Amino acid sequence: MAEAAAGQERLDRIVTLVASSMATEVCSIYLHRDDQTLELCATRGLNPDAVHVTRMRVGEGLVGSVARRRAPINTADAPSTKGFRYMPETGEEVYSSFLGVPLQRLGERLGVLVVQSKDAREFSDDEVYALEVVAMVLAEMTELGAFTGEGEALKPRHRQQVLFRGVTGQEGATEGVVHLHDPRVVISNPVSDDPEGEKVRLNEAVDKLRLSVDRMLTQASGDREQEEVIEAFRMFAYSRSWLRRMEEDINAGLTAEAAVEKEQTVARARMARADPYLRDRLADLDDLSNRLLRMLTGQGRDRGTLPDNAVLVARNIGPGELLEYGRTLRGVVLEDGSVGSHAAVVARAWAIPLVIQARGIVTEALSGDRILVDGDQGVVHLRPDDMVRSAFGEKLAMAERAQQRYASIRDTDCVTEDGHRIELMMNAGLMADLPSLPTSGAQGVGLFRTELQFLTRNKVPKRGELATLYSGVMDAAGDKPVVFRTLDIGSDKVLPYMKATEEPNPALGWRAIRVGLDKKGVMRMQLQALLRAANGRPLRVMFPFVAQMEEFLEARAHLLNEVHREKSLGHALPESLSVGSMLETPSMAFAPRKFFEEADFISIGGNDLKQFFFAADRENERVRRRYDTLNVSYLSLLDKIVSRCAETKTPVSFCGEDAGRPVEALCFAAMGLRCLSMRPASIGPVKNMLLKADLGEVRRVIETAREAGDQTVRPAVMDYLRAR
């Protein structure tokens, strides 16, 4: 294996060697042409003309079944085995016995190694194990490019261009280079002729690993839930069978790190077939293996200097880790993630493109690879060719010209052609967002998310820390208004120091105002911090996820009690106090008139209101795009809310992703909404649309479509805009 040879020559020599060693007439190697197709790339014993001709789908025939199951198939009578498929061009009909083992690395399918013989024999456990060790080494060699050549299935790995179709987490487009959050551990030498030395290395690394887990357990002392998790972690670290299996792999000729990775790969294969509980436990073993590999290789301890044009690629990432990278990131691509995740919130605040659920990118990408991120389409181009880069460059140039046009109207009042003034506000959640306030053209902060300060810490922030932070937000905003939304946690926003509550449907469970009213100490502390931050300035406070009038009245009473308390302590009170409510549940559109009279302002929380109205989870890609924001029923609900607010002269705004989409924003304004709050980058496009709009005409188009019985007004509005 260490000898110099071309890719095909090396494969041909390996199948000959394996067939001879296993005393079989046939040995074949099938490699993945793509994720779902296997190609015969080398054989000893089958028809050589079938090499690079015979292909099969994953799951097709016994070879395809090995790839799909990620587990060996061992049979003495292959033609009678379920799933067998005869490939006439290979001449394999004369071979009775079959043993196939998967070539895989850390959950990634690379191919299948097969031996066959005419004798009806079932291979022994020792023979199966021996072939699995060979398969593991072949997987490492495939990863290192040892079999690259001219054949279609022998292209160098990690050098081809790859297209990933994910889901839009944040719009925008960017070009840059990959920066892996968790760099891959590359095993450069999988084989060793010094098993005793390798076992010493392995045992020393395992001892260090066990000590680090023991320290973790000591540090978690007092936190029962955390102790339970680490205790399970510790059980794997001290597992004798895990260590014994790795030592057996070393005796078979593997290096210590190759042995660790072989067992990790086997665990990953089990994980794919296991029930959810067992998958969680195997994930602990997976994490331990990664730690052990880094101790053995010294890789991955230092993430290095961040390139100027870095695009972060990760399996998933928490808000604290993402914030540590700072705003210098060009974009973020996640293999997992959701549109409502904390990472998505931070990416929107930074106005950088985010693509989530880009399956397989962590395995495929290497740090330094060229990458194009199209957040508008949810598409990622890895290692693109010149033609793709040129086309993408034109898209970036168009976006840059549009931004220049938006910058020219930044200081222009947003007044429509028929004389309606629309307030455009920005959403924020970090101090780092506030520099966008003057450059975005926003007239204030319509929503400041206060939960991010809680989510990015390991313990509850102190009242003084929050007061300083909120005061800094007001200082940065100057004379422009800021609306502070109180803590909106629960559902997908679980505090790291708060015991998670198992709920069948967290989005409809114990969250936001419900948590605040039950955990009055936390609510009081936050309200006190807001009052002290105001220090004589106007203060606007908004309560989230109100589902009935009594919740708002109770929360407001708590705020007024804190005002009286601050006065009795001699602290400065706000110059004025406005207390509002988010309207995110359909129930509040039908609330008693008193609710609209008591609220100083209403903010329609479009993201939650839409998902509850259509009963479509916005985290579920199969349903969230099924329902149109410009659906007649949804617009009718907004129309009712606007009318009820008009009756009591209660200011009303719309806050959410849809407010930042120009066509949707135009329709909202036509329905009577005169204040829209969105991410800073959306203000320019929305203002550009509204300045050229006649809201009276748009309203008539909407009404005509409604009367015609259309399900959505979008086609009618788009036809009108094209005609304009």
# chains A, B, ... in the order shown; residues from 1 in each chain; ligands from 1
$ residues_around --residues "A:Thr174" --least-positions-apart "2" --cutoff "10 Å" --atoms "only C-alpha atoms" --output "PyMOL selection string"
chain A and resi 172+176+309+311+330-332+352-354+371-375+380+392-393+395-396
$ select_by_dssp --residues "stretch 398-611 of chain A" --states "helix (DSSP H, G or I)" --output "PyMOL selection string"
chain A and resi 398-408+431-433+436-440+452-455+463-477+506-508+513-518+520-534+549-568+586-590+593-598+606-611
$ residues_around --residues "A:Val652" --least-positions-apart "5" --cutoff "8 Å" --atoms "only C-alpha atoms" --output "PDB file with N, CA and C atoms, in the first residue's frame"
ATOM      1  N   PHE A 601     -49.709  49.897  22.663  1.00  0.00           N
ATOM      2  CA  PHE A 601     -49.439  49.583  21.253  1.00  0.00           C
ATOM      3  C   PHE A 601     -49.503  48.072  21.063  1.00  0.00           C
ATOM      4  N   ILE A 602     -49.719  47.674  19.829  1.00  0.00           N
ATOM      5  CA  ILE A 602     -49.782  46.254  19.460  1.00  0.00           C
ATOM      6  C   ILE A 602     -48.760  46.001  18.357  1.00  0.00           C
ATOM      7  N   SER A 603     -48.027  44.903  18.485  1.00  0.00           N
ATOM      8  CA  SER A 603     -47.114  44.486  17.423  1.00  0.00           C
ATOM      9  C   SER A 603     -47.513  43.088  16.969  1.00  0.00           C
ATOM     10  N   ILE A 604     -47.910  42.972  15.710  1.00  0.00           N
ATOM     11  CA  ILE A 604     -48.292  41.673  15.169  1.00  0.00           C
ATOM     12  C   ILE A 604     -47.015  40.854  14.944  1.00  0.00           C
ATOM     13  N   VAL A 642     -56.192  45.219  12.262  1.00  0.00           N
ATOM     14  CA  VAL A 642     -55.991  46.643  11.966  1.00  0.00           C
ATOM     15  C   VAL A 642     -57.266  47.432  12.271  1.00  0.00           C
ATOM     16  N   CYS A 645     -57.764  47.794  16.063  1.00  0.00           N
ATOM     17  CA  CYS A 645     -56.837  48.785  16.618  1.00  0.00           C
ATOM     18  C   CYS A 645     -57.273  50.197  16.241  1.00  0.00           C
ATOM     19  N   LEU A 673     -51.554  48.781   7.614  1.00  0.00           N
ATOM     20  CA  LEU A 673     -50.443  48.768   8.564  1.00  0.00           C
ATOM     21  C   LEU A 673     -49.462  49.876   8.188  1.00  0.00           C
ATOM     22  N   ARG A 674     -49.226  50.793   9.100  1.00  0.00           N
ATOM     23  CA  ARG A 674     -48.381  51.953   8.804  1.00  0.00           C
ATOM     24  C   ARG A 674     -47.024  51.895   9.496  1.00  0.00           C
ATOM     25  N   CYS A 675     -46.731  50.764  10.122  1.00  0.00           N
ATOM     26  CA  CYS A 675     -45.411  50.576  10.760  1.00  0.00           C
ATOM     27  C   CYS A 675     -44.996  49.128  10.545  1.00  0.00           C
TER      28      CYS A 675
END
$ residues_around --residues "A:Gln161" --least-positions-apart "2" --cutoff "6 Å" --atoms "only C-alpha atoms" --output "list in words"
Leu382, Arg383 and Pro384 of chain A
$ closest_atom_pairs --of "stretch 407-496 of chain A" --to "stretch 512-523 of chain A" --cutoff "8 Å" --atoms "only C-alpha atoms" --output "Markdown table"
| residue | atom | partner | partner_atom | distance |
| --- | --- | --- | --- | --- |
| A:Thr486 | CA | A:Met523 | CA | 8.0 |
| A:Leu487 | CA | A:Ala512 | CA | 6.2 |
| A:Asp488 | CA | A:Ala512 | CA | 4.1 |
| A:Ile489 | CA | A:Ala512 | CA | 5.1 |
| A:Gly490 | CA | A:Ala512 | CA | 6.4 |
$ select_by_dssp --residues "stretch 333-374 of chain A" --states "strand (DSSP E or B)" --output "PyMOL selection string"
chain A and resi 333-334+354-356+370-374
$ closest_residue --among "A:Gly672, A:Gln116, A:Leu103, A:Met56" --to "A:Asn74" --atoms "only C-alpha atoms"
A:Gln116
$ residues_around --residues "stretch 715-719 of chain A" --least-positions-apart "6" --cutoff "8 Å" --atoms "only C-alpha atoms" --output "PyMOL selection string"
chain A and resi 698+701-702+705
$ write_last_selection --atoms "C-alpha atoms" --output "short mmCIF file (atom, residue, chain, number, x, y, z; two decimals), in the first residue's frame"
data_model
loop_
_atom_site.label_atom_id
_atom_site.label_comp_id
_atom_site.auth_asym_id
_atom_site.auth_seq_id
_atom_site.Cartn_x
_atom_site.Cartn_y
_atom_site.Cartn_z
CA VAL A 698 -52.96 47.99 -4.43
CA VAL A 701 -56.31 44.87 -6.54
CA ILE A 702 -56.46 42.92 -3.26
CA ALA A 705 -58.99 39.18 -5.90
#
